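In what follows, a single structure is set out as structure tokens and then discussed.
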Amino acid sequence: MTGGHLYGRDVELRRLDALVRGVRDRGGALVVHGEAGIGKTRLLAEARRIAAAAGMLVLATAGVEAESRVPFAGLHKLLQPVLARAEALPGPQRDAVLGAFGMADVGGSDLFLIALAVLNLLADAATGPGALLVVEDAHWLDPATAEILGFVGRRLEADPVLLLAAVRDGFPTSFGTDLPRLRLDRLDEEAAEAVLSAHAAGLPAGARRQLLQDAAGNPLALVELSSAAGPADPAGPMTARPLTDRLQEAFAARMVQLPAATRTLLLVAAINDGDALSEALAAASLVTGDAVTAGDLPPAVAASLVDVDGDRIRFRHPLMRSAIHQWADLTQRHAAHTALAQVLTGRPDRGIWHRAASSHGPDEEVAAGLEEIATAARRRGATLSALAALERAAQLTDDPARRAARLLRAAEAAVELGRQDVVHRLLHDARTLDLSSWQRAQLLWIEASFGDGLRDEHRRPAAVADVAEAVAADGHVDVALRLLNGAALRSFWTEADLPARHRIVDVAEGLPIRADDPDLLAILAFAAPIERGAAVIDSLHRSAARAGGNAEALRLVGSAAVLVGAFDLAEACCTASLPDLRAQGRLGLVARALGAQAWSAAHLADLNVGIPAAEECTRLARETSQPLFVGIGQATAAVLAALRGDEASVLTFAGAAEQAATSGRVRPVLATARLARGLAALGAGRYADAYEHLRRMHDPADPSFHPALRCFALAELADAAVHSGQHDAVTGIVAELEAFALQTPSPALHGGLRHARAVLAGDDEAEALFEAALRVDAGPWPFARARVQLAYGQWLRRQRRIADSRALLRTARDTFDILGTVPWGDHARRELRASGEASRRQIVDTRDRLTAQELQIAQMAAEGMTNREIGERLYLSHRTVSSHLHRIFPKLEITSRSQLAGIVRVPAGHPA
């Protein structure tokens, strides 16, 4: 590999060439990975050459190990040539991206709002032939940049933008793990021979054989080690030592031969977290005490260690930078860091890290500076950078109380990021200190809240409640609420024992807050949905009204409403919370709101809302590291598929949800997946199978048992029991839930009981019970009412009251058709045919032709939203929205968006 030619990479070059040249038709991302020196940089350089020749916009950045703690450093380099275009972005996006770079004074932006701004900025800049984004050494990107570029890379399919990134094997990185990948393996024998011949044709045969064996197909080793190759080593090849070590030694050997000023300049450049030549020259001058100038660079350039591009100095390979770093001793490195800190006094965000690196022991001034940097990073959405600064600040802190405070702040950031390993490490360090009562409470809250309250200790929620009570007594009610919220969530996800749940409720109800406080309602609903159902339901509407435009309060009210079976209110509150949560870029909370919205919609058979909400919940929960909500999204998608009669999708979604939830016994996910399987069997007429699935939800020994969620599957259980001869087997379950109904006015529970009483009753009581069930105003519960009508019509037909049955069956059929619950519509048709009445076939619904995301986009377009407005809501580029619409039109047999309003049902309260 020399002279511009790439040996042995024909297959890889063809793939890159096709991607680059095809970018106008299809964008995307590709992560090229392999060991050090394998040729990643050369391959990306060839892609840049192809793109430049085609007239494409080429933007490039590179991760630098020293820069990895500076928020958005890599992103700023990438976007610098097109940042002027940020002024054309919508206001919140413009402020978010400029604020990330310190170019606008904003109060704080969520990382995902910045990511959306970057996506739209790049989409708008990629005019004409398109754009190529090149990211070298992506494993060393600062975490904020890595998160954002990963977000962008997942959304480029419809934009004329190609993201190519290089990642070195053996480095821990989360970048690009879910993006397409291309592995570069070592060269085969023929290609390795060609590289060596092109670079060192005159090597003696013995040295040549040994070098080929030692390099083992690594192109950089073939080129760089050949310059130091001598006669064959009689002791044999040196492959026992890692190839990377040998390469770094070869680079360091060149360093030794350079003048002292040049060596100092290179060391400073290797340690610097920027590539400005002026910074390196100034710092090197401070180290040596004499002026170091650009005239000291030519020896390093001649040694092929660095290149100088205007006012920038760049190492020709990352291994050269690390080799120089390792060549210097600790004293030299400290001196370089100290000098850089002095040079960067105008850039405290960078200078403080060099001061920290040059510290020999505790240093409160530096630690305080790092804490300030962490606070600023959090405001800019760079939580990972804040975490790194706080952890380093704690290491430099001598005072135990301050050290504990910084460790706990860092742990809170790690919770936010879903980094369980980091949380455990930080809390382990904090426990070694003498913590105050306040800090012990903070530690416990962090433990209890991580992973939505899931911990191994079975009685942990009760211990959390004890600490919450003590903290509240000291006046910290807000912290007590956070503690109790974590404990209540754990009791919801894993079913804490009854005394623990009662303890949570007692402490929560003793707090000096309003009875309709959204946090209190959520705690009571999650910890005691039956016992405190009446209190929660009594306060829900007042709380929702008081929330006004407070998106987080509305989300909490919606979540509480789900658990007490007020699905119509839950769906409405979650829907109302979503616009502001989306606009703020709080995608983690968006995923949670969507999960509650989808779950409620599934129980209301509101497929227009539920299908897109479940899909987006799953996608965003995965993207924001919330595995429990990935499971909820998948299980809810299974329920929705069962309602549509799509058994294949039920098996796919339910299986995925159960696989992830079984090991942690995550009961709500398992219960929802079990409901989906029962509904699918019920819809297919396999009543015995349906009964077995649904019965398990009521068995305390079964992992899918959940004390609240079992209350919302009673109508299905009763139908399955009646049709499978298990009438007597469910009477005990119905009696138990009748007792629950005395404690809570849960609309879902009482509706299920009315249905169950009627279908399980003897012929002398059934009619009165059916009529009683139908006299209740169904309001926003049409599916439940239609099921009663279907069951009543079936009973009347069995009683040979054919004429009376037909009106009920027709009404039920029409409702099922409108809702899209195909199996139940088919049941009604069969009953009508049995009564002697022909029934028209159901027309294929619009949503049956579209994917979940296409349905969501079609609904928004039908509401009159522009492509850009839809993109802002769904965190997609406007081009991606346009691409979806172009696929939607043929599926719906229309030619313009104006026709959508006539055929796409827009959910009430939309857009969300």
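How things are named: the first chain in the structure tokens is A, the next is B, and so on; residues count from 1 in each chain; ligands count from 1 in the order shown.
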Which of segment 460-631 of chain A DSSP labels helix (DSSP H, G or I), written as a PyMOL selection string: chain A and resi 460-473+477-494+498-509+518-527+533-547+551-563+567-583+587-603+607-623+627-631
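Residue nearest Val536 of chain A, chosen from A:Pro745, A:Ala413, A:Gly779, A:His334 and counting only C-alpha atoms: A:Pro745.
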Selection: 8 Å around Pro362 of chain A, only C-alpha atoms, excl. self and same-chain fewer than 6 positions, as a list in words: Gln395, Leu396, Thr397 and Asp398 of chain A
Give me the residues near segment 782-798 of chain A as a PDB file with C-alpha atoms, in the first residue's frame, where near means some atom within 10 Å (using only C-alpha atoms) and where sequence neighbours in that chain fewer than 4 positions away do not count.
ATOM      1  CA  HIS A 603     -56.806  -1.604  25.765  1.00  0.00           C
ATOM      2  CA  LEU A 604     -59.151   0.826  24.039  1.00  0.00           C
ATOM      3  CA  ALA A 605     -58.480  -0.883  20.682  1.00  0.00           C
ATOM      4  CA  ASP A 606     -57.453   2.553  19.361  1.00  0.00           C
ATOM      5  CA  ALA A 715     -63.449  -9.886  29.730  1.00  0.00           C
ATOM      6  CA  GLU A 716     -61.007 -11.888  27.600  1.00  0.00           C
ATOM      7  CA  ASP A 719     -64.950 -15.251  26.904  1.00  0.00           C
ATOM      8  CA  ALA A 748     -61.428  -0.961  33.105  1.00  0.00           C
ATOM      9  CA  GLY A 751     -66.197  -2.804  32.639  1.00  0.00           C
ATOM     10  CA  GLY A 752     -64.522  -6.208  32.628  1.00  0.00           C
ATOM     11  CA  ARG A 754     -69.892  -6.322  33.835  1.00  0.00           C
ATOM     12  CA  HIS A 755     -68.852  -8.330  30.770  1.00  0.00           C
ATOM     13  CA  ALA A 756     -67.791 -11.359  32.833  1.00  0.00           C
ATOM     14  CA  ALA A 758     -73.132 -11.434  31.816  1.00  0.00           C
ATOM     15  CA  VAL A 759     -71.280 -14.124  29.839  1.00  0.00           C
ATOM     16  CA  ASP A 763     -79.797 -18.211  31.168  1.00  0.00           C
ATOM     17  CA  ALA A 766     -77.894 -13.325  31.583  1.00  0.00           C
ATOM     18  CA  GLU A 767     -80.294 -10.978  29.779  1.00  0.00           C
ATOM     19  CA  LEU A 769     -76.848  -8.496  33.114  1.00  0.00           C
ATOM     20  CA  PHE A 770     -76.245  -7.879  29.410  1.00  0.00           C
ATOM     21  CA  GLU A 771     -78.774  -5.058  29.444  1.00  0.00           C
ATOM     22  CA  ALA A 773     -73.759  -3.668  30.878  1.00  0.00           C
ATOM     23  CA  LEU A 774     -75.105  -1.898  27.789  1.00  0.00           C
ATOM     24  CA  ARG A 775     -76.857   0.800  29.819  1.00  0.00           C
ATOM     25  CA  VAL A 776     -73.489   2.111  31.022  1.00  0.00           C
ATOM     26  CA  ASP A 777     -72.218   4.940  28.836  1.00  0.00           C
ATOM     27  CA  ALA A 778     -69.332   3.404  26.901  1.00  0.00           C
ATOM     28  CA  ILE A 802     -82.820 -14.664  15.940  1.00  0.00           C
ATOM     29  CA  ALA A 803     -84.455 -11.349  15.079  1.00  0.00           C
ATOM     30  CA  ASP A 804     -83.381  -9.792  18.383  1.00  0.00           C
ATOM     31  CA  SER A 805     -79.788 -10.912  17.881  1.00  0.00           C
ATOM     32  CA  ARG A 806     -79.256  -9.382  14.449  1.00  0.00           C
ATOM     33  CA  ALA A 807     -79.335  -5.688  15.418  1.00  0.00           C
ATOM     34  CA  LEU A 808     -76.744  -6.258  18.161  1.00  0.00           C
ATOM     35  CA  LEU A 809     -74.509  -8.309  15.875  1.00  0.00           C
ATOM     36  CA  ARG A 810     -74.707  -5.734  13.081  1.00  0.00           C
ATOM     37  CA  THR A 811     -73.774  -2.903  15.439  1.00  0.00           C
ATOM     38  CA  ALA A 812     -70.901  -4.918  16.896  1.00  0.00           C
ATOM     39  CA  ARG A 813     -69.638  -5.830  13.426  1.00  0.00           C
ATOM     40  CA  ASP A 814     -69.677  -2.217  12.281  1.00  0.00           C
ATOM     41  CA  THR A 815     -67.807  -1.057  15.383  1.00  0.00           C
ATOM     42  CA  PHE A 816     -65.173  -3.758  14.994  1.00  0.00           C
ATOM     43  CA  ILE A 818     -64.282   0.862  12.178  1.00  0.00           C
ATOM     44  CA  LEU A 819     -61.754  -0.007  14.868  1.00  0.00           C
ATOM     45  CA  THR A 821     -60.233  -5.378  15.073  1.00  0.00           C
ATOM     46  CA  TRP A 824     -63.911  -9.807  16.222  1.00  0.00           C
ATOM     47  CA  GLY A 825     -65.514  -8.410  13.075  1.00  0.00           C
ATOM     48  CA  HIS A 827     -66.846 -13.430  14.605  1.00  0.00           C
ATOM     49  CA  ALA A 828     -69.782 -11.045  14.258  1.00  0.00           C
ATOM     50  CA  GLU A 831     -72.896 -15.111  13.891  1.00  0.00           C
ATOM     51  CA  LEU A 832     -74.922 -13.048  11.414  1.00  0.00           C
ATOM     52  CA  ALA A 834     -75.727 -18.321  11.318  1.00  0.00           C
ATOM     53  CA  SER A 835     -78.760 -16.132  11.944  1.00  0.00           C
TER      54      SER A 835
END
Polymer residues at most 12 Å from Ala545 of chain A, only C-alpha atoms, same-chain spacing of 3 or more positions, as an NGL selection string: :A and (516-518 or 539-542 or 548-550 or 553-554 or 557 or 569 or 572-573 or 576)
Would you mind exporting the chosen residues as an mmCIF file, in the first residue's frame, restricted to N, CA and C atoms?
data_model
loop_
_atom_site.group_PDB
_atom_site.id
_atom_site.type_symbol
_atom_site.label_atom_id
_atom_site.label_comp_id
_atom_site.auth_asym_id
_atom_site.auth_seq_id
_atom_site.Cartn_x
_atom_site.Cartn_y
_atom_site.Cartn_z
ATOM 1 N N ASP A 516 -53.643 15.998 44.940
ATOM 2 C CA ASP A 516 -53.628 15.777 43.495
ATOM 3 C C ASP A 516 -52.272 16.094 42.881
ATOM 4 N N ASP A 517 -51.220 16.099 43.706
ATOM 5 C CA ASP A 517 -49.870 16.303 43.180
ATOM 6 C C ASP A 517 -49.538 15.152 42.214
ATOM 7 N N PRO A 518 -49.067 15.450 40.980
ATOM 8 C CA PRO A 518 -48.808 14.380 39.996
ATOM 9 C C PRO A 518 -47.814 13.335 40.482
ATOM 10 N N SER A 539 -58.605 12.120 42.039
ATOM 11 C CA SER A 539 -57.743 13.302 41.865
ATOM 12 C C SER A 539 -57.219 13.482 40.444
ATOM 13 N N LEU A 540 -57.373 12.467 39.595
ATOM 14 C CA LEU A 540 -56.725 12.518 38.285
ATOM 15 C C LEU A 540 -57.161 13.722 37.451
ATOM 16 N N HIS A 541 -58.451 13.949 37.340
ATOM 17 C CA HIS A 541 -58.932 15.031 36.487
ATOM 18 C C HIS A 541 -58.495 16.393 37.026
ATOM 19 N N ARG A 542 -58.539 16.577 38.355
ATOM 20 C CA ARG A 542 -58.075 17.845 38.934
ATOM 21 C C ARG A 542 -56.594 18.050 38.662
ATOM 22 N N GLY A 548 -51.956 21.997 33.333
ATOM 23 C CA GLY A 548 -51.918 22.975 32.244
ATOM 24 C C GLY A 548 -50.993 22.515 31.140
ATOM 25 N N GLY A 549 -49.974 23.312 30.862
ATOM 26 C CA GLY A 549 -49.029 22.959 29.810
ATOM 27 C C GLY A 549 -47.766 22.295 30.313
ATOM 28 N N ASN A 550 -47.764 21.832 31.567
ATOM 29 C CA ASN A 550 -46.585 21.178 32.134
ATOM 30 C C ASN A 550 -46.505 19.746 31.614
ATOM 31 N N ALA A 553 -45.742 16.934 34.171
ATOM 32 C CA ALA A 553 -46.868 16.661 35.062
ATOM 33 C C ALA A 553 -47.945 15.874 34.326
ATOM 34 N N LEU A 554 -48.226 16.241 33.080
ATOM 35 C CA LEU A 554 -49.225 15.512 32.300
ATOM 36 C C LEU A 554 -48.795 14.068 32.072
ATOM 37 N N VAL A 557 -49.440 12.147 35.284
ATOM 38 C CA VAL A 557 -50.864 11.869 35.454
ATOM 39 C C VAL A 557 -51.295 10.749 34.512
ATOM 40 N N LEU A 569 -58.414 8.631 29.931
ATOM 41 C CA LEU A 569 -57.693 9.782 30.479
ATOM 42 C C LEU A 569 -56.188 9.606 30.289
ATOM 43 N N ALA A 572 -55.276 10.477 26.756
ATOM 44 C CA ALA A 572 -55.394 11.917 26.517
ATOM 45 C C ALA A 572 -54.235 12.686 27.147
ATOM 46 N N CYS A 573 -53.865 12.350 28.383
ATOM 47 C CA CYS A 573 -52.780 13.065 29.059
ATOM 48 C C CYS A 573 -51.438 12.803 28.388
ATOM 49 N N ALA A 576 -51.274 14.726 25.217
ATOM 50 C CA ALA A 576 -51.070 16.151 25.458
ATOM 51 C C ALA A 576 -49.646 16.464 25.895
#
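Minimum distance to Asn272 of chain A across A:Asp429, A:Glu372, A:Glu872, A:Glu65 (counting only C-alpha atoms) occurs at A:Glu65.
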Pick from A:Ser322, A:Gln257, A:Thr262, A:Ser226, whichever lies nearest to Ser285 of chain A using only C-alpha atoms: A:Thr262
Shell around Leu89 of chain A at 8 Å using only C-alpha atoms, local window under 5 positions removed, as a VMD selection string: chain A and resid 94 117 120 to 121
Would you save the residues of that selection, restricted to N, CA, C and O atoms, as a short mmCIF file (atom, residue, chain, number, x, y, z; two decimals), in the first residue's frame?
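And here is the file that came out, out22.cif:
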data_model
loop_
_atom_site.label_atom_id
_atom_site.label_comp_id
_atom_site.auth_asym_id
_atom_site.auth_seq_id
_atom_site.Cartn_x
_atom_site.Cartn_y
_atom_site.Cartn_z
N ARG A 94 -31.68 25.85 16.23
CA ARG A 94 -30.55 26.76 16.03
C ARG A 94 -29.87 27.06 17.36
O ARG A 94 -28.64 26.97 17.49
N ALA A 117 -30.96 19.02 15.28
CA ALA A 117 -30.44 20.20 14.58
C ALA A 117 -29.30 19.82 13.64
O ALA A 117 -29.24 20.30 12.50
N ASN A 120 -30.70 18.05 10.50
CA ASN A 120 -31.30 18.97 9.53
C ASN A 120 -30.26 19.88 8.90
O ASN A 120 -30.36 20.22 7.72
N LEU A 121 -29.26 20.27 9.67
CA LEU A 121 -28.18 21.10 9.12
C LEU A 121 -27.45 20.36 8.00
O LEU A 121 -27.19 20.92 6.92
#
Non-local contacts of segment 363-367 of chain A (9 Å; only C-alpha atoms; under 6 positions in same chain excluded) as a ChimeraX atom specification: /A:352-353,355-356,389-390,392-399
Dump as a PDB file, in the first residue's frame, selection limited to C-alpha atoms:
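File produced: selection_21.pdb:
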ATOM      1  CA  ILE A 352      -8.675  22.761  33.302  1.00  0.00           C
ATOM      2  CA  TRP A 353      -8.166  19.241  31.943  1.00  0.00           C
ATOM      3  CA  ARG A 355      -4.202  21.290  34.923  1.00  0.00           C
ATOM      4  CA  ALA A 356      -5.886  18.109  36.163  1.00  0.00           C
ATOM      5  CA  ALA A 389     -15.324  15.879  34.783  1.00  0.00           C
ATOM      6  CA  LEU A 390     -17.100  15.049  38.046  1.00  0.00           C
ATOM      7  CA  ARG A 392     -11.916  13.362  37.889  1.00  0.00           C
ATOM      8  CA  ALA A 393     -12.898  16.169  40.272  1.00  0.00           C
ATOM      9  CA  ALA A 394     -13.679  13.587  42.947  1.00  0.00           C
ATOM     10  CA  GLN A 395     -10.268  11.976  42.437  1.00  0.00           C
ATOM     11  CA  LEU A 396      -8.595  15.351  43.064  1.00  0.00           C
ATOM     12  CA  THR A 397     -10.693  16.133  46.165  1.00  0.00           C
ATOM     13  CA  ASP A 398      -9.193  15.690  49.626  1.00  0.00           C
ATOM     14  CA  ASP A 399     -12.184  16.759  51.725  1.00  0.00           C
TER      15      ASP A 399
END
Interatomic distance (Å, one decimal) between atom CA of Ala201 of chain A and atom CA of Asn218 of chain A: 17.3 Å
One-decimal distance in Å that lies between atom CA of Val268 of chain A and atom CA of Leu44 of chain A: 27.4 Å
Å distance separating atom CA of Gln634 of chain A from atom CA of Ala648 of chain A, one decimal place: 13.6 Å
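Using only C-alpha atoms, the nearest neighbour of Arg154 of chain A within the list A:Phe175, A:Phe101, A:Phe492, A:Trp140 is A:Phe175.
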Residue among A:Arg155, A:Arg677, A:Arg85, A:Arg555 lying closest to Ala115 of chain A, counting only C-alpha atoms: A:Arg155
